[in-house]
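One structure below.
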Amino acid sequence: MSTATTYYPYIAVIGDIKDSRNLGHRKANQQKFTKTLARLNHVYQKDIAAQFTVSMGDAFQGLLKDASHLMVMLFELELSLAPIELRIGIGLGDIETELNTENSLLNDGSSYHRARAMIEQIERSEKQYEQCYSNILLSTGEQAVHYEKLINTIFSLESVIKTKWTERQKEIIRTYLANEKNQYMTAEALNIGQSSVNKALNSAEFYTFNNSLITLQNVINEL
(Lines give C-alpha, C1' and ligand atoms only; values in the text may rest on other atoms or scores of the structure.)
Protein backbone atom coordinates (compact mmCIF):
# COMPACT_ATOMS: atom_id res chain seq x y z
CA MET A 1 0.00 0.00 0.00
CA SER A 2 1.86 3.05 -1.13
CA THR A 3 1.71 6.38 -2.90
CA ALA A 4 4.46 8.69 -4.03
CA THR A 5 4.47 10.39 -0.60
CA THR A 6 3.22 7.92 1.99
CA TYR A 7 3.73 4.29 2.96
CA TYR A 8 1.81 2.49 5.69
CA PRO A 9 3.31 -0.90 6.54
CA TYR A 10 0.49 -1.91 8.92
CA ILE A 11 -3.22 -1.44 9.49
CA ALA A 12 -4.41 -1.78 13.08
CA VAL A 13 -8.07 -2.59 13.65
CA ILE A 14 -9.49 -2.04 17.13
CA GLY A 15 -13.13 -2.51 18.04
CA ASP A 16 -15.51 -2.80 20.93
CA ILE A 17 -19.12 -3.77 21.50
CA LYS A 18 -21.45 -0.83 21.95
CA ASP A 19 -23.44 -0.91 25.23
CA SER A 20 -21.91 -4.29 26.08
CA ARG A 21 -23.09 -4.06 29.71
CA ASN A 22 -26.69 -4.06 28.55
CA LEU A 23 -26.36 -7.18 26.40
CA GLY A 24 -28.23 -10.27 27.47
CA HIS A 25 -26.95 -13.83 27.02
CA ARG A 26 -23.39 -12.72 27.72
CA LYS A 27 -21.88 -16.21 27.56
CA ALA A 28 -23.48 -17.00 24.20
CA ASN A 29 -22.48 -13.62 22.79
CA GLN A 30 -18.92 -14.07 24.06
CA GLN A 31 -18.69 -17.42 22.29
CA LYS A 32 -20.12 -15.90 19.13
CA PHE A 33 -17.60 -13.05 19.35
CA THR A 34 -14.64 -15.41 19.78
CA LYS A 35 -15.82 -17.75 17.01
CA THR A 36 -16.29 -14.88 14.55
CA LEU A 37 -12.79 -13.52 15.16
CA ALA A 38 -11.32 -17.02 14.80
CA ARG A 39 -13.04 -17.31 11.42
CA LEU A 40 -11.54 -13.99 10.28
CA ASN A 41 -8.09 -15.18 11.37
CA HIS A 42 -8.52 -18.32 9.27
CA VAL A 43 -10.16 -16.90 6.13
CA TYR A 44 -7.92 -13.83 5.89
CA GLN A 45 -4.71 -15.30 7.31
CA LYS A 46 -2.65 -14.11 4.33
CA ASP A 47 -3.65 -10.50 5.06
CA ILE A 48 -3.09 -10.66 8.82
CA ALA A 49 0.15 -9.66 10.55
CA ALA A 50 -1.14 -10.32 14.08
CA GLN A 51 -4.26 -12.33 14.76
CA PHE A 52 -7.48 -10.74 15.93
CA THR A 53 -7.60 -11.15 19.70
CA VAL A 54 -10.37 -10.58 22.24
CA SER A 55 -9.50 -8.12 24.99
CA MET A 56 -11.45 -7.33 28.18
CA GLY A 57 -14.30 -9.53 27.02
CA ASP A 58 -16.07 -6.95 24.88
CA ALA A 59 -13.24 -5.56 22.73
CA PHE A 60 -10.83 -6.87 20.11
CA GLN A 61 -7.86 -5.85 18.05
CA GLY A 62 -5.83 -7.17 15.15
CA LEU A 63 -3.10 -6.08 12.77
CA LEU A 64 -3.09 -6.36 8.99
CA LYS A 65 -0.15 -6.26 6.62
CA ASP A 66 -2.43 -6.06 3.57
CA ALA A 67 -5.60 -3.95 3.47
CA SER A 68 -6.92 -5.26 0.16
CA HIS A 69 -9.80 -7.15 1.84
CA LEU A 70 -10.34 -4.71 4.71
CA MET A 71 -13.87 -3.60 3.82
CA VAL A 72 -15.18 -7.09 3.09
CA MET A 73 -13.61 -8.30 6.34
CA LEU A 74 -15.22 -5.59 8.46
CA PHE A 75 -18.62 -5.99 6.82
CA GLU A 76 -18.52 -9.75 7.41
CA LEU A 77 -17.60 -9.08 11.04
CA GLU A 78 -20.54 -6.73 11.56
CA LEU A 79 -23.06 -9.01 9.84
CA SER A 80 -21.85 -12.09 11.71
CA LEU A 81 -22.24 -10.40 15.09
CA ALA A 82 -25.60 -8.70 14.42
CA PRO A 83 -27.64 -7.60 16.32
CA ILE A 84 -24.55 -6.72 18.38
CA GLU A 85 -23.35 -3.24 17.37
CA LEU A 86 -19.66 -2.42 17.06
CA ARG A 87 -17.41 0.60 17.15
CA ILE A 88 -14.34 0.11 14.93
CA GLY A 89 -11.22 2.24 14.73
CA ILE A 90 -8.70 1.78 11.91
CA GLY A 91 -5.17 3.13 12.16
CA LEU A 92 -2.63 3.15 9.33
CA GLY A 93 0.98 3.34 10.42
CA ASP A 94 3.79 1.32 11.96
CA ILE A 95 4.52 -0.69 15.08
CA GLU A 96 7.38 0.09 17.45
CA THR A 97 7.48 -3.24 19.28
CA GLU A 98 8.69 -6.60 18.06
CA LEU A 99 5.85 -8.10 16.04
CA ASN A 100 3.89 -10.77 17.88
CA THR A 101 1.84 -12.60 15.26
CA GLU A 102 -0.23 -14.66 17.72
CA ASN A 103 -1.42 -11.94 20.09
CA SER A 104 -2.18 -8.47 18.79
CA LEU A 105 -2.46 -7.16 22.36
CA LEU A 106 1.32 -7.44 22.72
CA ASN A 107 2.01 -5.10 19.81
CA ASP A 108 2.10 -1.30 19.92
CA GLY A 109 2.93 1.62 17.67
CA SER A 110 1.48 4.48 15.66
CA SER A 111 -1.06 2.27 13.86
CA TYR A 112 -2.56 1.18 17.20
CA HIS A 113 -2.48 4.71 18.64
CA ARG A 114 -4.42 6.02 15.65
CA ALA A 115 -6.98 3.21 15.80
CA ARG A 116 -7.59 3.85 19.52
CA ALA A 117 -7.99 7.57 18.85
CA MET A 118 -10.73 6.75 16.34
CA ILE A 119 -12.60 4.64 18.91
CA GLU A 120 -12.43 7.58 21.32
CA GLN A 121 -13.69 9.93 18.61
CA ILE A 122 -16.65 7.65 17.90
CA GLU A 123 -17.51 7.52 21.61
CA ARG A 124 -17.39 11.32 21.84
CA SER A 125 -19.63 11.74 18.81
CA GLU A 126 -22.25 9.50 20.41
CA LYS A 127 -22.59 11.97 23.28
CA GLN A 128 -22.77 15.18 21.24
CA TYR A 129 -25.59 16.93 19.42
CA GLU A 130 -25.25 17.97 15.77
CA GLN A 131 -22.27 15.68 15.36
CA CYS A 132 -21.56 13.60 12.25
CA TYR A 133 -21.79 10.00 13.42
CA SER A 134 -20.12 6.85 12.14
CA ASN A 135 -19.46 3.52 13.84
CA ILE A 136 -16.21 3.13 11.85
CA LEU A 137 -13.46 5.73 11.48
CA LEU A 138 -9.96 5.62 9.95
CA SER A 139 -6.85 7.63 10.75
CA THR A 140 -3.72 8.14 8.68
CA GLY A 141 -2.12 10.41 11.25
CA GLU A 142 -2.99 13.40 9.05
CA GLN A 143 -0.45 12.27 6.47
CA ALA A 144 -3.16 11.72 3.87
CA VAL A 145 -5.81 14.09 5.23
CA HIS A 146 -7.87 14.42 2.04
CA TYR A 147 -8.17 10.66 1.66
CA GLU A 148 -8.98 10.37 5.36
CA LYS A 149 -11.83 12.89 5.15
CA LEU A 150 -13.27 11.18 2.08
CA ILE A 151 -13.09 7.73 3.65
CA ASN A 152 -14.65 8.82 6.94
CA THR A 153 -17.43 10.70 5.17
CA ILE A 154 -18.36 7.53 3.28
CA PHE A 155 -18.18 5.55 6.53
CA SER A 156 -20.64 8.02 8.03
CA LEU A 157 -23.07 7.70 5.12
CA GLU A 158 -22.81 3.91 5.30
CA SER A 159 -23.64 4.03 9.00
CA VAL A 160 -26.86 5.89 8.18
CA ILE A 161 -27.88 3.09 5.81
CA LYS A 162 -26.90 0.27 8.19
CA THR A 163 -28.80 1.67 11.17
CA LYS A 164 -32.04 1.43 9.17
CA TRP A 165 -31.68 -2.29 8.41
CA THR A 166 -34.07 -4.64 10.15
CA GLU A 167 -32.83 -7.95 11.54
CA ARG A 168 -34.67 -9.70 8.70
CA GLN A 169 -32.90 -7.56 6.10
CA LYS A 170 -29.56 -8.38 7.74
CA GLU A 171 -30.39 -12.07 7.57
CA ILE A 172 -31.24 -11.84 3.87
CA ILE A 173 -28.07 -9.84 3.12
CA ARG A 174 -25.96 -12.33 5.08
CA THR A 175 -27.51 -15.26 3.20
CA TYR A 176 -27.18 -13.44 -0.13
CA LEU A 177 -23.44 -12.95 0.42
CA ALA A 178 -23.03 -16.57 1.55
CA ASN A 179 -24.72 -17.76 -1.66
CA GLU A 180 -22.49 -16.04 -4.21
CA LYS A 181 -24.78 -12.98 -4.42
CA ASN A 182 -27.36 -15.09 -6.21
CA GLN A 183 -30.96 -14.12 -5.47
CA TYR A 184 -32.40 -17.52 -6.46
CA MET A 185 -29.96 -19.46 -4.26
CA THR A 186 -30.69 -17.03 -1.42
CA ALA A 187 -34.43 -17.53 -1.83
CA GLU A 188 -34.02 -21.29 -1.76
CA ALA A 189 -31.84 -21.16 1.35
CA LEU A 190 -34.42 -19.04 3.17
CA ASN A 191 -37.45 -20.81 1.71
CA ILE A 192 -38.90 -17.59 0.30
CA GLY A 193 -39.51 -16.26 -3.20
CA GLN A 194 -36.82 -14.60 -5.29
CA SER A 195 -38.99 -11.48 -5.51
CA SER A 196 -38.92 -11.24 -1.71
CA VAL A 197 -35.12 -11.34 -1.76
CA ASN A 198 -34.99 -8.66 -4.44
CA LYS A 199 -37.44 -6.45 -2.55
CA ALA A 200 -35.51 -6.78 0.71
CA LEU A 201 -32.16 -5.94 -0.92
CA ASN A 202 -33.59 -2.91 -2.68
CA SER A 203 -35.48 -1.59 0.35
CA ALA A 204 -32.27 -1.92 2.38
CA GLU A 205 -30.39 0.10 -0.27
CA PHE A 206 -27.95 -2.79 -0.33
CA TYR A 207 -26.65 -2.19 -3.85
CA THR A 208 -25.86 1.44 -3.06
CA PHE A 209 -24.18 0.33 0.16
CA ASN A 210 -22.18 -2.39 -1.60
CA ASN A 211 -21.00 0.07 -4.25
CA SER A 212 -19.78 2.38 -1.50
CA LEU A 213 -17.80 -0.52 0.01
CA ILE A 214 -16.10 -1.09 -3.33
CA THR A 215 -15.32 2.62 -3.66
CA LEU A 216 -13.91 2.73 -0.13
CA GLN A 217 -11.70 -0.27 -0.79
CA ASN A 218 -10.38 1.30 -3.98
CA VAL A 219 -9.52 4.53 -2.14
CA ILE A 220 -7.84 2.66 0.72
CA ASN A 221 -5.82 0.65 -1.79
CA GLU A 222 -4.34 3.93 -3.07
CA LEU A 223 -2.98 4.94 0.34
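Here, A, B, ... name the chains of the C-alpha coordinates in the order displayed, residue numbers run from 1 inside each chain, and ligands are numbered from 1 in the same displayed order.
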
Residues within 10 Å of Glu78 of chain A, please, as a PDB file with all heavy atoms, in the first residue's frame. Count only C-alpha atoms; anything in the same chain fewer than 6 positions from it doesn't count.
ATOM      1  N   THR A  36     -16.325 -15.744  15.729  1.00  0.00           N
ATOM      2  CA  THR A  36     -16.287 -14.876  14.552  1.00  0.00           C
ATOM      3  C   THR A  36     -14.877 -14.379  14.281  1.00  0.00           C
ATOM      4  O   THR A  36     -14.408 -14.367  13.129  1.00  0.00           O
ATOM      5  CB  THR A  36     -17.231 -13.676  14.737  1.00  0.00           C
ATOM      6  OG1 THR A  36     -18.576 -14.152  14.917  1.00  0.00           O
ATOM      7  CG2 THR A  36     -17.192 -12.753  13.534  1.00  0.00           C
ATOM      8  N   ILE A  84     -25.569  -7.450  17.621  1.00  0.00           N
ATOM      9  CA  ILE A  84     -24.547  -6.721  18.376  1.00  0.00           C
ATOM     10  C   ILE A  84     -23.999  -5.590  17.515  1.00  0.00           C
ATOM     11  O   ILE A  84     -23.697  -5.785  16.339  1.00  0.00           O
ATOM     12  CB  ILE A  84     -23.411  -7.667  18.791  1.00  0.00           C
ATOM     13  CG1 ILE A  84     -23.913  -8.708  19.794  1.00  0.00           C
ATOM     14  CG2 ILE A  84     -22.236  -6.892  19.384  1.00  0.00           C
ATOM     15  CD1 ILE A  84     -22.902  -9.793  20.105  1.00  0.00           C
ATOM     16  N   GLU A  85     -23.876  -4.392  18.089  1.00  0.00           N
ATOM     17  CA  GLU A  85     -23.348  -3.237  17.367  1.00  0.00           C
ATOM     18  C   GLU A  85     -21.909  -2.973  17.792  1.00  0.00           C
ATOM     19  O   GLU A  85     -21.566  -3.074  18.973  1.00  0.00           O
ATOM     20  CB  GLU A  85     -24.202  -1.998  17.642  1.00  0.00           C
ATOM     21  CG  GLU A  85     -25.633  -2.110  17.120  1.00  0.00           C
ATOM     22  CD  GLU A  85     -26.417  -0.842  17.349  1.00  0.00           C
ATOM     23  OE1 GLU A  85     -25.815   0.245  17.346  1.00  0.00           O
ATOM     24  OE2 GLU A  85     -27.647  -0.935  17.538  1.00  0.00           O
ATOM     25  N   LEU A  86     -21.079  -2.631  16.816  1.00  0.00           N
ATOM     26  CA  LEU A  86     -19.658  -2.424  17.064  1.00  0.00           C
ATOM     27  C   LEU A  86     -19.230  -0.988  16.812  1.00  0.00           C
ATOM     28  O   LEU A  86     -19.815  -0.277  15.992  1.00  0.00           O
ATOM     29  CB  LEU A  86     -18.827  -3.330  16.148  1.00  0.00           C
ATOM     30  CG  LEU A  86     -19.015  -4.840  16.273  1.00  0.00           C
ATOM     31  CD1 LEU A  86     -18.174  -5.543  15.208  1.00  0.00           C
ATOM     32  CD2 LEU A  86     -18.637  -5.333  17.655  1.00  0.00           C
ATOM     33  N   ARG A  87     -18.197  -0.576  17.525  1.00  0.00           N
ATOM     34  CA  ARG A  87     -17.407   0.597  17.151  1.00  0.00           C
ATOM     35  C   ARG A  87     -16.081   0.054  16.629  1.00  0.00           C
ATOM     36  O   ARG A  87     -15.496  -0.834  17.244  1.00  0.00           O
ATOM     37  CB  ARG A  87     -17.125   1.505  18.353  1.00  0.00           C
ATOM     38  CG  ARG A  87     -18.332   2.000  19.120  1.00  0.00           C
ATOM     39  CD  ARG A  87     -17.847   2.898  20.259  1.00  0.00           C
ATOM     40  NE  ARG A  87     -18.917   3.287  21.146  1.00  0.00           N
ATOM     41  CZ  ARG A  87     -19.240   2.658  22.273  1.00  0.00           C
ATOM     42  NH1 ARG A  87     -18.554   1.572  22.642  1.00  0.00           N
ATOM     43  NH2 ARG A  87     -20.214   3.091  23.034  1.00  0.00           N
ATOM     44  N   ILE A  88     -15.591   0.610  15.514  1.00  0.00           N
ATOM     45  CA  ILE A  88     -14.343   0.113  14.932  1.00  0.00           C
ATOM     46  C   ILE A  88     -13.440   1.278  14.568  1.00  0.00           C
ATOM     47  O   ILE A  88     -13.847   2.190  13.831  1.00  0.00           O
ATOM     48  CB  ILE A  88     -14.612  -0.747  13.681  1.00  0.00           C
ATOM     49  CG1 ILE A  88     -15.470  -1.968  14.046  1.00  0.00           C
ATOM     50  CG2 ILE A  88     -13.287  -1.200  13.060  1.00  0.00           C
ATOM     51  CD1 ILE A  88     -15.896  -2.790  12.848  1.00  0.00           C
ATOM     52  N   LYS A 170     -30.935  -7.936   7.482  1.00  0.00           N
ATOM     53  CA  LYS A 170     -29.561  -8.377   7.735  1.00  0.00           C
ATOM     54  C   LYS A 170     -29.417  -9.863   7.447  1.00  0.00           C
ATOM     55  O   LYS A 170     -28.413 -10.300   6.885  1.00  0.00           O
ATOM     56  CB  LYS A 170     -29.171  -8.086   9.184  1.00  0.00           C
ATOM     57  CG  LYS A 170     -29.021  -6.615   9.512  1.00  0.00           C
ATOM     58  CD  LYS A 170     -28.722  -6.418  10.994  1.00  0.00           C
ATOM     59  CE  LYS A 170     -28.698  -4.954  11.361  1.00  0.00           C
ATOM     60  NZ  LYS A 170     -28.488  -4.742  12.820  1.00  0.00           N
TER      61      LYS A 170
END

field: segment 8-138 of chain A: residues DSSP assigns to strand (DSSP E), reported as an NGL selection string
entry: :A and (10-17 or 48-55 or 59-64 or 86-93 or 136-138)

- request: Might you pull out every residue within 9 Å of Phe33 of chain A, with only C-alpha atoms counted and same-chain residues fewer than 3 positions away left off, and present them as a PyMOL selection string?
  value: chain A and resi 28-30+36-38+54+58+80-81

- request: Excluding Gln61 of chain A and residues on its chain fewer than 3 positions from it, collect all residues at most 7 Å away from it, counting only C-alpha atoms, and give them as a ChimeraX atom specification.
  value: /A:13-15,52-54,104

Extract, using only C-alpha atoms, all DNA, RNA and protein residues at most 12 Å from Leu213 of chain A, discarding same-chain residues fewer than 3 positions from it, and format them as an mmCIF file with N, CA and C atoms, in the first residue's frame.
data_model
loop_
_atom_site.group_PDB
_atom_site.id
_atom_site.type_symbol
_atom_site.label_atom_id
_atom_site.label_comp_id
_atom_site.auth_asym_id
_atom_site.auth_seq_id
_atom_site.Cartn_x
_atom_site.Cartn_y
_atom_site.Cartn_z
ATOM 1 N N SER A 68 -6.148 -5.090 1.385
ATOM 2 C CA SER A 68 -6.920 -5.262 0.161
ATOM 3 C C SER A 68 -8.281 -5.916 0.373
ATOM 4 N N HIS A 69 -8.495 -6.565 1.533
ATOM 5 C CA HIS A 69 -9.800 -7.152 1.838
ATOM 6 C C HIS A 69 -10.418 -6.511 3.081
ATOM 7 N N LEU A 70 -9.930 -5.345 3.452
ATOM 8 C CA LEU A 70 -10.344 -4.713 4.706
ATOM 9 C C LEU A 70 -11.851 -4.501 4.786
ATOM 10 N N MET A 71 -12.461 -3.935 3.752
ATOM 11 C CA MET A 71 -13.875 -3.597 3.815
ATOM 12 C C MET A 71 -14.759 -4.840 3.856
ATOM 13 N N VAL A 72 -14.425 -5.833 3.064
ATOM 14 C CA VAL A 72 -15.182 -7.090 3.094
ATOM 15 C C VAL A 72 -15.061 -7.731 4.472
ATOM 16 N N MET A 73 -13.872 -7.713 5.028
ATOM 17 C CA MET A 73 -13.614 -8.298 6.337
ATOM 18 C C MET A 73 -14.458 -7.635 7.427
ATOM 19 N N LEU A 74 -14.469 -6.309 7.436
ATOM 20 C CA LEU A 74 -15.216 -5.590 8.463
ATOM 21 C C LEU A 74 -16.716 -5.769 8.297
ATOM 22 N N PHE A 75 -17.186 -5.803 7.060
ATOM 23 C CA PHE A 75 -18.616 -5.994 6.820
ATOM 24 C C PHE A 75 -19.048 -7.398 7.257
ATOM 25 N N GLU A 76 -18.228 -8.385 6.961
ATOM 26 C CA GLU A 76 -18.519 -9.755 7.412
ATOM 27 C C GLU A 76 -18.561 -9.810 8.943
ATOM 28 N N ILE A 151 -12.774 9.053 3.122
ATOM 29 C CA ILE A 151 -13.085 7.726 3.653
ATOM 30 C C ILE A 151 -14.064 7.817 4.819
ATOM 31 N N ILE A 154 -17.636 8.695 3.820
ATOM 32 C CA ILE A 154 -18.357 7.532 3.279
ATOM 33 C C ILE A 154 -18.735 6.577 4.405
ATOM 34 N N PHE A 155 -17.845 6.383 5.377
ATOM 35 C CA PHE A 155 -18.178 5.549 6.532
ATOM 36 C C PHE A 155 -19.432 6.083 7.235
ATOM 37 N N LEU A 157 -21.888 7.933 5.954
ATOM 38 C CA LEU A 157 -23.073 7.697 5.121
ATOM 39 C C LEU A 157 -23.480 6.231 5.163
ATOM 40 N N GLU A 158 -22.506 5.339 5.183
ATOM 41 C CA GLU A 158 -22.807 3.910 5.300
ATOM 42 C C GLU A 158 -23.488 3.601 6.628
ATOM 43 N N SER A 159 -23.046 4.259 7.691
ATOM 44 C CA SER A 159 -23.645 4.029 8.995
ATOM 45 C C SER A 159 -25.120 4.404 9.002
ATOM 46 N N PHE A 206 -29.164 -1.983 -0.410
ATOM 47 C CA PHE A 206 -27.952 -2.787 -0.330
ATOM 48 C C PHE A 206 -27.002 -2.520 -1.493
ATOM 49 N N TYR A 207 -27.524 -2.350 -2.689
ATOM 50 C CA TYR A 207 -26.650 -2.188 -3.851
ATOM 51 C C TYR A 207 -25.894 -0.859 -3.785
ATOM 52 N N THR A 208 -26.554 0.173 -3.277
ATOM 53 C CA THR A 208 -25.864 1.444 -3.056
ATOM 54 C C THR A 208 -24.786 1.278 -1.996
ATOM 55 N N PHE A 209 -25.141 0.580 -0.925
ATOM 56 C CA PHE A 209 -24.182 0.332 0.157
ATOM 57 C C PHE A 209 -22.989 -0.476 -0.345
ATOM 58 N N ASN A 210 -23.253 -1.528 -1.098
ATOM 59 C CA ASN A 210 -22.179 -2.386 -1.600
ATOM 60 C C ASN A 210 -21.255 -1.622 -2.540
ATOM 61 N N LEU A 216 -14.792 2.579 -1.288
ATOM 62 C CA LEU A 216 -13.914 2.734 -0.130
ATOM 63 C C LEU A 216 -12.661 1.880 -0.256
ATOM 64 N N GLN A 217 -12.846 0.624 -0.656
ATOM 65 C CA GLN A 217 -11.703 -0.273 -0.792
ATOM 66 C C GLN A 217 -10.726 0.247 -1.836
ATOM 67 N N ASN A 218 -11.250 0.757 -2.939
ATOM 68 C CA ASN A 218 -10.376 1.301 -3.983
ATOM 69 C C ASN A 218 -9.577 2.502 -3.476
ATOM 70 N N VAL A 219 -10.219 3.362 -2.682
ATOM 71 C CA VAL A 219 -9.523 4.528 -2.142
ATOM 72 C C VAL A 219 -8.451 4.088 -1.143
ATOM 73 N N ILE A 220 -8.807 3.152 -0.268
ATOM 74 C CA ILE A 220 -7.845 2.656 0.722
ATOM 75 C C ILE A 220 -6.649 1.987 0.046
#

message: If DSSP is run on the backbone, what residues of segment 44-185 of chain A are alpha helix (DSSP H)? A reply as an MDAnalysis selection string would be ideal.
response: chainID A and resid 70:81 110:126 145:162 167:178 183:185

- request: Would you mind telling me which residue in A:Ser20, A:Ser134, A:Ser196, A:Asn100 lies nearest to Met118 of chain A when using only C-alpha atoms?
  value: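 Using only C-alpha atoms, the shortest distance to Met118 of chain A belongs to A:Ser134.
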
Shell of 12 Å around Glu126 of chain A, only C-alpha atoms, local chain residues under 6 positions omitted, as number ranges by chain: A: 18-19, 87, 119-120, 132-135

Writing out the chosen residues with N, CA, C and O atoms as a tab-separated table (two decimals), in the first residue's frame:
chain	number	residue	atom	x	y	z
A	18	LYS	N	-20.71	-1.97	21.42
A	18	LYS	CA	-21.45	-0.83	21.95
A	18	LYS	C	-22.46	-1.30	23.00
A	18	LYS	O	-23.18	-2.28	22.78
A	19	ASP	N	-22.49	-0.59	24.15
A	19	ASP	CA	-23.44	-0.91	25.23
A	19	ASP	C	-23.34	-2.37	25.65
A	19	ASP	O	-24.34	-3.05	25.86
A	87	ARG	N	-18.20	-0.58	17.52
A	87	ARG	CA	-17.41	0.60	17.15
A	87	ARG	C	-16.08	0.05	16.63
A	87	ARG	O	-15.50	-0.83	17.24
A	119	ILE	N	-11.58	5.17	18.00
A	119	ILE	CA	-12.60	4.64	18.91
A	119	ILE	C	-13.05	5.74	19.86
A	119	ILE	O	-14.26	5.93	20.11
A	120	GLU	N	-12.11	6.48	20.40
A	120	GLU	CA	-12.43	7.58	21.32
A	120	GLU	C	-13.25	8.66	20.63
A	120	GLU	O	-14.18	9.23	21.22
A	132	CYS	N	-21.57	14.64	13.29
A	132	CYS	CA	-21.56	13.60	12.25
A	132	CYS	C	-21.17	12.27	12.89
A	132	CYS	O	-20.13	12.17	13.53
A	133	TYR	N	-22.03	11.27	12.74
A	133	TYR	CA	-21.79	10.00	13.42
A	133	TYR	C	-21.40	8.91	12.44
A	133	TYR	O	-21.94	8.80	11.35
A	134	SER	N	-20.47	8.06	12.86
A	134	SER	CA	-20.12	6.85	12.14
A	134	SER	C	-19.66	5.83	13.16
A	134	SER	O	-19.06	6.19	14.18
A	135	ASN	N	-19.95	4.55	12.92
A	135	ASN	CA	-19.46	3.52	13.84
A	135	ASN	C	-18.08	3.01	13.44
A	135	ASN	O	-17.49	2.21	14.15

- prompt: Which residue out of A:Gly109, A:Ile122, A:Val160, A:Ala59 has the minimum interatomic distance to Glu205 of chain A when only C-alpha atoms are used?
  reply: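 Closest candidate: A:Val160.
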
query: Which distance in Å separates atom CA of Arg174 of chain A and atom CA of Leu79 of chain A, to one decimal?
result: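 These two atoms are separated by 6.5 Å.
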
field: Nearby residues (only C-alpha atoms) at most 8 Å from Leu190 of chain A, same-chain spacing under 2 positions excluded, as a count of residues only
entry: 6

- prompt: Of the residues A:Gln183, A:Ser212, A:Ser111, A:Ser195, which is the one nearest to Asn152 of chain A, using only C-alpha atoms?
  reply: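 Comparing A:Gln183, A:Ser212, A:Ser111, A:Ser195 against Asn152 of chain A, the winner is A:Ser212.
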
task: Return the single residue from A:Ser156, A:Leu105, A:Asp66, A:Met185 that is closest to Ser125 of chain A, with distances computed using only C-alpha atoms.
output: A:Ser156
